[in-house]
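One file, model_25.txt, carrying compact mmCIF, C-alpha atoms:
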```
# COMPACT_ATOMS: atom_id res chain seq x y z
CA MET A 1 97.16 -42.03 -38.22
CA ASN A 2 100.17 -43.85 -39.74
CA GLN A 3 102.39 -40.76 -39.47
CA LYS A 4 105.94 -41.14 -40.71
CA LEU A 5 108.57 -40.39 -38.07
CA LYS A 6 112.26 -39.90 -38.79
CA TYR A 7 113.48 -39.08 -35.27
CA ILE A 8 111.80 -40.11 -32.02
CA SER A 9 113.05 -36.89 -30.41
CA ARG A 10 110.29 -35.08 -32.33
CA ILE A 11 107.57 -36.69 -30.18
CA LYS A 12 109.38 -37.25 -26.87
CA ASP A 13 107.22 -34.68 -25.08
CA ASP A 14 104.07 -36.65 -25.94
CA PHE A 15 104.83 -39.60 -23.64
CA ASP A 16 106.32 -40.41 -20.22
CA ILE A 17 107.27 -44.05 -20.71
CA VAL A 18 108.26 -46.14 -23.69
CA ILE A 19 107.72 -49.91 -23.80
CA CYS A 20 110.17 -51.25 -26.35
CA GLY A 21 110.45 -54.63 -27.99
CA VAL A 22 113.87 -56.24 -28.22
CA ASN A 23 114.31 -58.40 -31.31
CA GLY A 24 113.60 -56.36 -34.43
CA VAL A 25 113.89 -53.07 -32.53
CA LEU A 26 117.11 -53.11 -30.49
CA MET A 27 118.73 -55.95 -32.35
CA ARG A 28 118.50 -58.47 -35.17
CA GLY A 29 119.50 -61.93 -34.08
CA ASN A 30 122.65 -61.22 -32.06
CA THR A 31 123.47 -57.88 -33.72
CA ILE A 32 122.72 -54.76 -31.69
CA TYR A 33 121.40 -51.66 -33.47
CA ALA A 34 123.62 -48.82 -32.22
CA ASP A 35 121.16 -46.10 -33.31
CA SER A 36 118.34 -47.75 -31.36
CA ILE A 37 120.40 -47.94 -28.17
CA ASP A 38 121.49 -44.32 -28.63
CA ALA A 39 117.83 -43.27 -28.96
CA LEU A 40 116.85 -45.08 -25.76
CA VAL A 41 119.81 -43.60 -23.88
CA LYS A 42 118.77 -40.11 -24.92
CA LEU A 43 115.15 -40.80 -23.94
CA TYR A 44 116.39 -41.85 -20.51
CA GLN A 45 118.53 -38.71 -20.27
CA SER A 46 115.42 -36.70 -21.19
CA GLY A 47 113.65 -38.03 -18.10
CA LYS A 48 111.61 -40.72 -19.83
CA LYS A 49 111.10 -44.18 -18.37
CA VAL A 50 112.26 -46.96 -20.69
CA ALA A 51 110.93 -50.52 -20.30
CA LEU A 52 111.63 -53.68 -22.28
CA ALA A 53 109.03 -56.30 -23.24
CA SER A 54 110.46 -59.34 -24.99
CA ASN A 55 108.73 -62.46 -26.29
CA SER A 56 111.96 -64.37 -25.83
CA GLY A 57 112.06 -67.62 -23.91
CA MET A 58 114.91 -66.08 -21.87
CA ARG A 59 114.41 -65.30 -18.21
CA VAL A 60 114.83 -61.62 -17.29
CA LYS A 61 118.25 -62.28 -15.76
CA ASP A 62 119.38 -63.95 -18.98
CA LEU A 63 118.22 -61.02 -21.09
CA TYR A 64 119.88 -58.57 -18.69
CA TYR A 65 123.30 -60.23 -18.91
CA PHE A 66 122.96 -60.85 -22.65
CA LEU A 67 122.40 -57.14 -23.31
CA LYS A 68 125.03 -56.10 -20.77
CA HIS A 69 127.63 -58.26 -22.51
CA LYS A 70 126.66 -56.46 -25.73
CA ASP A 71 127.66 -53.20 -23.99
CA VAL A 72 124.08 -51.96 -23.67
CA PRO A 73 123.90 -49.55 -20.67
CA MET A 74 121.42 -51.41 -18.46
CA ASN A 75 120.88 -48.53 -16.03
CA ILE A 76 118.58 -46.84 -18.55
CA PHE A 77 115.81 -49.42 -18.12
CA TYR A 78 113.01 -48.79 -15.65
CA ALA A 79 111.71 -52.38 -15.91
CA MET A 80 111.81 -55.40 -18.19
CA ILE A 81 109.85 -58.59 -18.70
CA THR A 82 110.15 -61.64 -20.95
CA ALA A 83 107.76 -64.36 -22.02
CA GLY A 84 110.16 -66.82 -20.39
CA GLU A 85 109.86 -65.04 -17.03
CA ILE A 86 106.06 -65.03 -17.21
CA ALA A 87 106.04 -68.74 -18.07
CA HIS A 88 108.43 -69.44 -15.18
CA PHE A 89 106.06 -67.69 -12.76
CA TYR A 90 103.12 -69.67 -14.17
CA LEU A 91 104.93 -73.01 -13.86
CA ARG A 92 105.99 -72.17 -10.32
CA ASN A 93 102.39 -71.52 -9.27
CA HIS A 94 100.55 -74.21 -11.24
CA ASN A 95 100.88 -77.97 -10.95
CA LEU A 96 101.08 -79.30 -14.50
CA GLY A 97 102.62 -82.60 -13.50
CA LYS A 98 106.26 -83.62 -13.20
CA SER A 99 107.69 -83.82 -16.71
CA TYR A 100 107.71 -81.87 -19.96
CA TYR A 101 108.87 -82.41 -23.53
CA SER A 102 110.50 -79.43 -25.26
CA LEU A 103 110.05 -78.95 -29.00
CA THR A 104 112.99 -76.53 -29.18
CA GLU A 105 115.52 -76.25 -26.36
CA LYS A 106 116.53 -79.54 -24.73
CA VAL A 107 115.88 -77.97 -21.33
CA SER A 108 113.45 -75.07 -21.09
CA ARG A 109 114.74 -71.93 -19.40
CA ALA A 110 111.23 -71.24 -18.14
CA ALA A 111 111.34 -74.44 -16.09
CA GLU A 112 114.79 -73.68 -14.68
CA GLY A 113 115.02 -74.29 -10.92
CA LEU A 114 111.51 -75.75 -10.72
CA ASN A 115 110.33 -79.24 -9.91
CA TYR A 116 109.89 -80.32 -13.53
CA ASN A 117 112.00 -82.78 -15.47
CA ALA A 118 112.76 -82.59 -19.19
CA VAL A 119 112.12 -85.95 -20.87
CA ASP A 120 113.21 -87.32 -24.24
CA SER A 121 110.00 -89.22 -24.91
CA MET A 122 106.67 -87.45 -25.25
CA VAL A 123 104.80 -90.39 -23.76
CA MET A 124 106.57 -89.62 -20.47
CA ALA A 125 105.56 -85.93 -20.52
CA ASP A 126 102.70 -84.14 -18.80
CA PHE A 127 102.93 -81.13 -21.14
CA ILE A 128 105.01 -79.80 -24.01
CA ILE A 129 106.91 -76.52 -24.38
CA ALA A 130 107.65 -74.45 -27.49
CA GLU A 131 109.94 -71.45 -26.92
CA THR A 132 109.91 -68.69 -29.47
CA ASP A 133 113.71 -68.69 -29.83
CA GLY A 134 113.47 -72.02 -31.61
CA THR A 135 112.96 -71.65 -35.38
CA TYR A 136 112.23 -74.07 -38.16
CA GLN A 137 112.13 -74.24 -41.93
CA SER A 138 108.56 -75.28 -42.69
CA ASN A 139 105.19 -75.59 -41.00
CA SER A 140 105.33 -79.38 -41.28
CA ASP A 141 108.49 -79.88 -39.21
CA PHE A 142 106.62 -80.49 -35.96
CA SER A 143 103.50 -82.12 -37.39
CA PRO A 144 104.31 -85.70 -36.25
CA LEU A 145 105.14 -84.45 -32.75
CA LEU A 146 101.99 -82.34 -32.57
CA GLU A 147 99.87 -85.28 -33.69
CA GLN A 148 101.43 -87.42 -30.97
CA ALA A 149 100.88 -84.69 -28.38
CA LEU A 150 97.26 -84.34 -29.46
CA HIS A 151 96.73 -88.09 -29.10
CA LEU A 152 98.20 -87.89 -25.58
CA ARG A 153 96.07 -84.80 -24.83
CA LEU A 154 99.08 -82.79 -23.72
CA PRO A 155 98.77 -79.01 -23.30
CA LEU A 156 101.30 -76.92 -25.22
CA LEU A 157 102.95 -73.96 -23.50
CA CYS A 158 103.83 -71.42 -26.19
CA ILE A 159 106.51 -69.17 -24.67
CA GLY A 160 106.41 -66.17 -26.97
CA ASN A 161 103.55 -65.79 -29.45
CA ASN A 162 105.54 -64.58 -32.44
CA THR A 163 104.61 -66.23 -35.71
CA SER A 164 107.67 -64.54 -37.24
CA LEU A 165 110.80 -62.84 -35.91
CA MET A 166 114.00 -61.23 -37.07
CA HIS A 167 117.10 -63.39 -37.35
CA GLU A 168 120.60 -62.82 -38.69
CA SER A 169 119.48 -64.52 -41.92
CA GLY A 170 116.27 -62.52 -42.21
CA VAL A 171 112.68 -63.12 -41.16
CA VAL A 172 112.09 -66.63 -39.80
CA ALA A 173 109.09 -68.44 -38.39
CA GLY A 174 108.44 -68.41 -34.66
CA MET A 175 106.75 -70.81 -32.30
CA GLY A 176 103.47 -68.92 -32.59
CA VAL A 177 102.93 -70.76 -35.88
CA VAL A 178 103.31 -74.10 -34.11
CA ALA A 179 100.87 -73.03 -31.40
CA GLU A 180 98.31 -71.89 -33.98
CA LYS A 181 98.60 -75.21 -35.79
CA TYR A 182 98.16 -77.19 -32.58
CA ALA A 183 95.11 -75.13 -31.64
CA LEU A 184 93.56 -75.76 -35.07
CA MET A 185 94.18 -79.47 -34.57
CA GLY A 186 92.14 -79.24 -31.37
CA GLY A 187 95.03 -79.11 -28.89
CA LYS A 188 95.11 -76.96 -25.78
CA VAL A 189 97.53 -74.01 -26.00
CA ILE A 190 98.65 -71.86 -23.06
CA PRO A 191 100.31 -68.72 -24.49
CA PHE A 192 102.81 -66.40 -22.79
CA GLY A 193 103.98 -62.98 -23.92
CA LYS A 194 102.79 -60.08 -26.02
CA PRO A 195 100.10 -59.10 -27.00
CA ASP A 196 98.87 -59.86 -23.44
CA VAL A 197 97.91 -56.39 -22.21
CA ARG A 198 98.84 -57.37 -18.65
CA ILE A 199 102.48 -57.01 -19.71
CA ALA A 200 102.00 -53.30 -20.38
CA ALA A 201 100.06 -52.94 -17.12
CA TYR A 202 102.88 -54.65 -15.19
CA LEU A 203 105.58 -52.47 -16.74
CA THR A 204 103.72 -49.25 -15.94
CA GLU A 205 102.38 -50.04 -12.49
CA GLY A 206 103.65 -47.81 -9.73
CA ILE A 207 104.04 -44.77 -11.98
CA PRO A 208 102.24 -41.88 -10.21
CA GLU A 209 99.20 -40.52 -12.05
CA PHE A 210 99.96 -42.78 -15.01
CA GLN A 211 97.84 -42.38 -18.15
CA SER A 212 98.00 -45.04 -20.86
CA GLN A 213 97.88 -42.44 -23.64
CA ARG A 214 101.18 -41.12 -22.27
CA CYS A 215 102.79 -44.49 -23.04
CA LEU A 216 104.51 -45.27 -26.35
CA VAL A 217 104.82 -48.91 -27.47
CA ILE A 218 107.62 -49.51 -29.98
CA GLY A 219 107.82 -52.78 -31.88
CA ASP A 220 108.17 -54.39 -35.28
CA ASN A 221 105.25 -56.83 -35.11
CA MET A 222 101.59 -56.00 -35.70
CA SER A 223 100.15 -59.10 -34.03
CA THR A 224 102.17 -58.76 -30.81
CA ASP A 225 103.61 -55.27 -30.23
CA MET A 226 101.02 -53.12 -31.99
CA ARG A 227 98.08 -55.19 -30.74
CA MET A 228 99.29 -54.88 -27.16
CA GLY A 229 99.70 -51.13 -27.64
CA ASN A 230 96.20 -50.76 -29.06
CA ASN A 231 94.65 -52.90 -26.33
CA PHE A 232 96.42 -50.77 -23.71
CA ALA A 233 95.19 -47.54 -25.36
CA ALA A 234 98.81 -46.44 -25.76
CA GLN A 235 100.51 -44.65 -28.63
CA THR A 236 102.25 -46.96 -31.10
CA LEU A 237 105.40 -46.78 -33.21
CA LEU A 238 106.01 -49.54 -35.77
CA ILE A 239 109.53 -50.32 -36.96
CA ALA A 240 108.81 -50.77 -40.66
CA GLY A 241 112.08 -52.58 -41.35
CA GLY A 242 111.20 -55.40 -38.93
CA VAL A 243 109.29 -58.60 -39.58
CA HIS A 244 106.86 -56.99 -42.03
CA GLN A 245 109.78 -55.85 -44.24
CA LEU A 246 107.98 -52.77 -45.55
CA GLN A 247 109.69 -50.92 -48.40
CA ASN A 248 109.12 -47.87 -50.57
CA ASN A 249 105.35 -47.12 -50.53
CA PHE A 250 105.09 -47.28 -46.74
CA GLU A 251 101.79 -45.45 -46.40
CA GLN A 252 99.79 -47.82 -48.59
CA GLN A 253 101.39 -50.89 -47.05
CA LEU A 254 100.68 -49.60 -43.54
CA ASN A 255 97.09 -48.83 -44.41
CA ASP A 256 96.73 -52.40 -45.69
CA LEU A 257 98.36 -53.79 -42.52
CA SER A 258 96.16 -51.66 -40.26
CA GLU A 259 93.03 -52.81 -42.05
CA SER A 260 94.15 -56.45 -42.14
CA TYR A 261 94.92 -56.58 -38.40
CA GLY A 262 92.18 -54.19 -37.34
CA LEU A 263 94.74 -52.03 -35.53
CA ASN A 264 95.78 -48.41 -35.42
CA ILE A 265 99.39 -47.34 -35.92
CA ASP A 266 100.17 -43.83 -34.71
CA TYR A 267 103.71 -43.61 -36.10
CA TYR A 268 106.09 -45.62 -38.22
CA THR A 269 109.81 -45.39 -38.89
CA GLU A 270 112.35 -47.44 -40.80
CA THR A 271 114.74 -47.62 -37.84
CA LEU A 272 114.68 -46.18 -34.32
CA GLN A 273 116.75 -42.99 -34.25
CA TRP A 274 117.02 -40.02 -31.91
```

Conversion result in structure tokens:
Amino acid sequence: MNQKLKYISRIKDDFDIVICGVNGVLMRGNTIYADSIDALVKLYQSGKKVALASNSGMRVKDLYYFLKHKDVPMNIFYAMITAGEIAHFYLRNHNLGKSYYSLTEKVSRAAEGLNYNAVDSMVMADFIIAETDGTYQSNSDFSPLLEQALHLRLPLLCIGNNTSLMHESGVVAGMGVVAEKYALMGGKVIPFGKPDVRIAAYLTEGIPEFQSQRCLVIGDNMSTDMRMGNNFAAQTLLIAGGVHQLQNNFEQQLNDLSESYGLNIDYYTETLQW
């Protein structure tokens, strides 16, 4: 459909719950978008359920306190989930060994409080972790490490599948690029986060007489947010000013994106406004 939308209030009666991305929708880097928060507050006041789905390596508690300290009213959220929380649950319930090597953070938040040790040498690791909050300048930065990991036959846990994300400085590469490269090299990748449709199912479970077409997925990324929305048979709203940096001739660019990704976009907007 690719219908342009100025104010989300125009379609609020068409859905019961909104699943909203965080980076690129509510904020850019560490900067909160006041209009986006205002729109979500008004949706909540209109009786809509508002859920957050983030591909961040943060645990849910970390995201909660981060947003709270940014003066975001946390009572408006029905539920929230992060890639880091999903990875933590996976690590808690699967025996991957004793030690891991992190490509980004020195100590992974997903492994926090679990019986895994961060090691400085990959030869001592049982698996490697790449969290999407870590960014890099070129695709070759991790090549030597990936080659070593491949030789050691170590699985790579990609916590957040974003190949690109919004940062204070603009659009930067995400750990999804590293995971794709490792997979092409023949390495084993275990991904966590959107577009896994189970995230949408988790955030909407328990809603009486729930219908997926009464769900609106808002995000700025075709490969994660919009793909999850399509796979869940939900309505979709793309933030055009996010990672795809669409300008001017939106309709043609969106048609090209839809065709390229094989996805449907119901609505698009430059920024989220009430």

Which residues of range 70-96 of chain A have any atom within 9 Å of an atom in range 41-53 of chain A when counting all atoms listed in the file, and what is the closest pair of atoms for each, with the distance in Å to one decimal? Order the rows by chain and rising number and write it as a Markdown table.
```
| residue | atom | partner | partner_atom | distance |
| --- | --- | --- | --- | --- |
| A:Pro73 | CA | A:Val41 | CA | 7.9 |
| A:Ile76 | CA | A:Tyr44 | CA | 5.8 |
| A:Phe77 | CA | A:Val50 | CA | 5.0 |
| A:Tyr78 | CA | A:Ala51 | CA | 5.4 |
| A:Ala79 | CA | A:Ala51 | CA | 4.8 |
| A:Met80 | CA | A:Leu52 | CA | 4.4 |
| A:Ile81 | CA | A:Ala53 | CA | 5.2 |
| A:Thr82 | CA | A:Ala53 | CA | 5.9 |
| A:Ala83 | CA | A:Ala53 | CA | 8.3 |
```

### Query
With only C-alpha atoms as the atoms that count, which of A:Leu216, A:Val60, A:Leu67, A:Asn231 lies nearest to Lys12 in chain A?
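Smallest distance to Lys12 in chain A is found for A:Leu216.
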
### Query
What lies within 8 Å of Ser108 in chain A using all atoms listed in the file, ignoring chain neighbours under 3 positions off, as a PyMOL selection string?
chain A and resi 102+105+111-112+118+129+131

Since we have the selection now, will you write its residues out, keeping C-alpha atoms, as a compact mmCIF listing (two decimals), in the frame of the given file?
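Dumped everything to out-v1.txt:
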```txt
# COMPACT_ATOMS: atom_id res chain seq x y z
CA SER A 102 110.50 -79.43 -25.26
CA GLU A 105 115.52 -76.25 -26.36
CA ALA A 111 111.34 -74.44 -16.09
CA GLU A 112 114.79 -73.68 -14.68
CA ALA A 118 112.76 -82.59 -19.19
CA ILE A 129 106.91 -76.52 -24.38
CA GLU A 131 109.94 -71.45 -26.92
```

### Query
So, counting all atoms listed in the file, which residue among A:Ile19, A:Leu165, A:Val172, A:Ile218 is closest to Ile199 in chain A?
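Ranking A:Ile19, A:Leu165, A:Val172, A:Ile218 by distance to Ile199 in chain A, first place goes to A:Ile19.
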
### Query
Looking at A:Gln235, A:Asn221, A:Asn2, A:Ser258, which one is nearest to Asp16 in chain A, with distances taken over all atoms listed in the file?
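Using all atoms listed in the file, the shortest distance to Asp16 in chain A belongs to A:Gln235.
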
### Query
Quick one: residues within 12 Å of range 249-253 of chain A, all atoms listed in the file counted, chain neighbours fewer than 5 positions away excluded, as JSON, numbers by chain?
{"A": [1, 2, 3, 4, 5, 238, 239, 240, 241, 244, 258, 259, 260, 265, 266, 267, 268, 269, 270]}

### Task
Tell me, in Å to one decimal, how far CA of Asp133 in chain A is from CA of Lys68 in chain A.
19.2 Å
